[in-house]
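Data first, discussion second: the structure below is written as structure tokens.
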Amino acid sequence: MSRNAELVARARAVLYPNYKPQPISFESGTGCTLVDADGREILDMAAGVAVCSVGHSHPRLAEAIAEQARTLMHVSNYVYNTVNIELAEALVKKSGMGRAFFCNSGGEANEALLKMARYHFFAKHEPRARIIAFDNGFHGRTLGALSMTGTKKYREGFGELGPVTHVPFGDLEAARAAMANPKGGATDVAAIIVECVQGEGGVLPAPEGFLQGLRALCNEYGALLFLDEVQTGVGRLGAWFGFQKFDVQPDAISLAKGLGGGFPIGVMVTTEALAGSLPPGMHGTTFGGNPLACRAALTVLAILETENLVEGAAAKGALLDELLAGVVERHPAVCAETRGVGLLRGLVLKPGFAARDCLGLAMDAGVMLTAAGERVLRFTPPLVVTEQELRAGVACVEQVVQALEAKTST
Ligand SMILES: *Cc1c(COP(=O)(O)O)cnc(C)c1O
């Protein structure tokens, strides 16, 4: 038995089976290359789901984490710590917003948004607790975040969630209709939460003018506009934040995935106007803002800057789009279209093909991808990806597409 097969058997005996991982166990990685337990190299076009923004084992990030671990890892939020202050300053400066609350994941950052929205209106003696969210939107798996996640299957079976009203993504009129208070009178909606590109839902960019329409709607009803930038933030779209790319001003955003380059960290960034909405004692987390996680994030930001990776994401994204468009053109029986922004791209398969079923074939062909929605092969490579790696990755995926095509024509 190969070492990899042996590890997979061990994993299946002890890991809680809430995932269905591919039968491969990785042990190391450099840049966009991962190495499994048998020494086999895989080209990483997933980056741990848009997380490893500066690639694997970036020497500068690895050294910064090691150095910080030797210096100070954790002190709690009963005191300040210098790295946390520096990271908050960097995020506030880059976003043009006012305040940062640190936590450990995307779901937690969205929980903070949700609690802030509710408490904001509670403190003003306005009875507003309902959130408007969108079908196929993804905001995480904790109960509060799950209540906002727009895939019914994920919410089913977990009891009463909400109050959240889900409306079709891109449908401004449906969002407006959802503002109506079911009990009559003034709206009970505290906030709208939206992704500027639905990631998990199938790499769907917000239609032209949609986010601006939501902004206007929130202004009209005195509700808050939240952008979940857990997947789109920190350079991936070719701008520091998606709201800058889409030219809309949210009241608050959530970030996580790419921020720590693989080190777990999440953050809610709000406007200065919301600084009083969650007063001392109303929310918190033990690990949030610890020096080790903040050092990782601060170093990721520095690497993105010195290696010009944010501008690079726009240029590389354009190339990836062009390469995928070629695949669509050559294989119209299998591929429907390519869509996305920057280095968050999807190859959309025709109805009848399941993206999930392609991931194993892609791994066999030497490339790691993720699926988004039912029919989208999602590309979220590390932002350090090279042109050559993008070409190689797409070539591997074209082999998979060819195999599917051969199957359908027989
Ligand atoms: C991944 C993701 C989340 C959840 O983040 P976790 O760190 O898994 O809790 C929330 N929102 C979006 C848009 C995401 O892509």
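Each chain in the structure tokens gets a letter, A, B and so on, in the order shown; residues start at 1 in every chain, and ligands are counted from 1 in the order they appear.
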* Asked: Residues at most 10 Å from Phe246 of chain A, counting only C-alpha atoms, excluding those fewer than 4 positions away in the same chain, as number ranges by chain?
  -> A: 196-197, 205-212, 237, 239, 241-242
Based on the selection just made, write N, CA and C atoms of those residues as a PDB file, in the first residue's frame.
ATOM      1  N   CYS A 196     -19.899  40.565  -3.375  1.00  0.00           N
ATOM      2  CA  CYS A 196     -19.832  41.247  -4.675  1.00  0.00           C
ATOM      3  C   CYS A 196     -19.583  40.235  -5.790  1.00  0.00           C
ATOM      4  N   VAL A 197     -18.947  39.112  -5.479  1.00  0.00           N
ATOM      5  CA  VAL A 197     -18.942  37.956  -6.379  1.00  0.00           C
ATOM      6  C   VAL A 197     -19.329  36.764  -5.511  1.00  0.00           C
ATOM      7  N   PRO A 205     -20.549  37.147 -10.396  1.00  0.00           N
ATOM      8  CA  PRO A 205     -20.375  38.573 -10.074  1.00  0.00           C
ATOM      9  C   PRO A 205     -21.736  39.262  -9.972  1.00  0.00           C
ATOM     10  N   ALA A 206     -21.825  40.232  -9.076  1.00  0.00           N
ATOM     11  CA  ALA A 206     -23.054  41.025  -8.968  1.00  0.00           C
ATOM     12  C   ALA A 206     -23.275  41.737 -10.292  1.00  0.00           C
ATOM     13  N   PRO A 207     -24.519  41.731 -10.787  1.00  0.00           N
ATOM     14  CA  PRO A 207     -24.792  42.444 -12.038  1.00  0.00           C
ATOM     15  C   PRO A 207     -24.531  43.944 -11.888  1.00  0.00           C
ATOM     16  N   GLU A 208     -24.228  44.568 -13.001  1.00  0.00           N
ATOM     17  CA  GLU A 208     -23.990  46.014 -13.075  1.00  0.00           C
ATOM     18  C   GLU A 208     -25.080  46.789 -12.314  1.00  0.00           C
ATOM     19  N   GLY A 209     -24.656  47.640 -11.413  1.00  0.00           N
ATOM     20  CA  GLY A 209     -25.606  48.527 -10.735  1.00  0.00           C
ATOM     21  C   GLY A 209     -26.331  47.904  -9.545  1.00  0.00           C
ATOM     22  N   PHE A 210     -26.195  46.582  -9.368  1.00  0.00           N
ATOM     23  CA  PHE A 210     -26.941  45.903  -8.305  1.00  0.00           C
ATOM     24  C   PHE A 210     -26.527  46.370  -6.915  1.00  0.00           C
ATOM     25  N   LEU A 211     -25.203  46.402  -6.679  1.00  0.00           N
ATOM     26  CA  LEU A 211     -24.721  46.783  -5.344  1.00  0.00           C
ATOM     27  C   LEU A 211     -25.044  48.250  -5.051  1.00  0.00           C
ATOM     28  N   GLN A 212     -24.953  49.094  -6.081  1.00  0.00           N
ATOM     29  CA  GLN A 212     -25.308  50.507  -5.911  1.00  0.00           C
ATOM     30  C   GLN A 212     -26.794  50.634  -5.585  1.00  0.00           C
ATOM     31  N   LEU A 237      -9.546  40.085  -6.272  1.00  0.00           N
ATOM     32  CA  LEU A 237     -10.270  40.599  -7.444  1.00  0.00           C
ATOM     33  C   LEU A 237      -9.453  41.617  -8.241  1.00  0.00           C
ATOM     34  N   ALA A 239      -8.169  44.286  -6.733  1.00  0.00           N
ATOM     35  CA  ALA A 239      -8.242  45.511  -5.925  1.00  0.00           C
ATOM     36  C   ALA A 239      -8.066  45.022  -4.491  1.00  0.00           C
ATOM     37  N   PHE A 241      -9.932  45.469  -2.017  1.00  0.00           N
ATOM     38  CA  PHE A 241     -11.226  44.928  -1.589  1.00  0.00           C
ATOM     39  C   PHE A 241     -12.195  44.964  -2.763  1.00  0.00           C
ATOM     40  N   GLY A 242     -13.137  44.041  -2.745  1.00  0.00           N
ATOM     41  CA  GLY A 242     -14.107  43.956  -3.835  1.00  0.00           C
ATOM     42  C   GLY A 242     -14.968  45.195  -3.938  1.00  0.00           C
TER      43      GLY A 242
END
* To do: Do a neighbour search on segment 366-373 of chain A at 7 Å with only C-alpha atoms, toss out local chain neighbours closer than 2 positions, and write the hits as an MDAnalysis selection string.
  => chainID A and resid 42:46 199:203 355:356 359 362:364 375:379 393 396
* Asked: Which neighbours of segment 316-318 of chain A fall inside 8 Å, counting only C-alpha atoms, when residues of the same chain fewer than 2 positions from it are skipped, and could you give them as a PyMOL selection string?
  -> chain A and resi 238+312-314+320-322+341-345+386-387
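Environment of ligand 1, defined as every protein or nucleic acid residue with an atom within 8 Å of it and counting only C-alpha atoms and all ligand atoms, comprises Val49, Asn104, Ser105, Gly106, Gly107, Glu108, Ala109, Asn110, Gly137, Phe138, His139, Gly140, Arg141, Thr142, Ala145, Glu195, Gln198, Gly199, Glu200, Asp228, Glu229, Val230, Gln231, Thr232, Ser254, Ala256, Lys257, Pro264 and Gly266 of chain A.
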* Write down as JSON, numbers by chain the residues belonging to segment 298-405 of chain A that are assigned alpha helix (DSSP H) by DSSP computed on the backbone. => {"A": [298, 299, 300, 301, 302, 303, 304, 305, 306, 309, 310, 311, 312, 313, 314, 315, 316, 317, 318, 319, 320, 321, 322, 323, 324, 325, 326, 327, 328, 329, 330, 355, 356, 357, 358, 359, 360, 361, 362, 363, 364, 365, 387, 388, 389, 390, 391, 392, 393, 394, 395, 396, 397, 398, 399, 400, 401, 402, 403, 404, 405]}
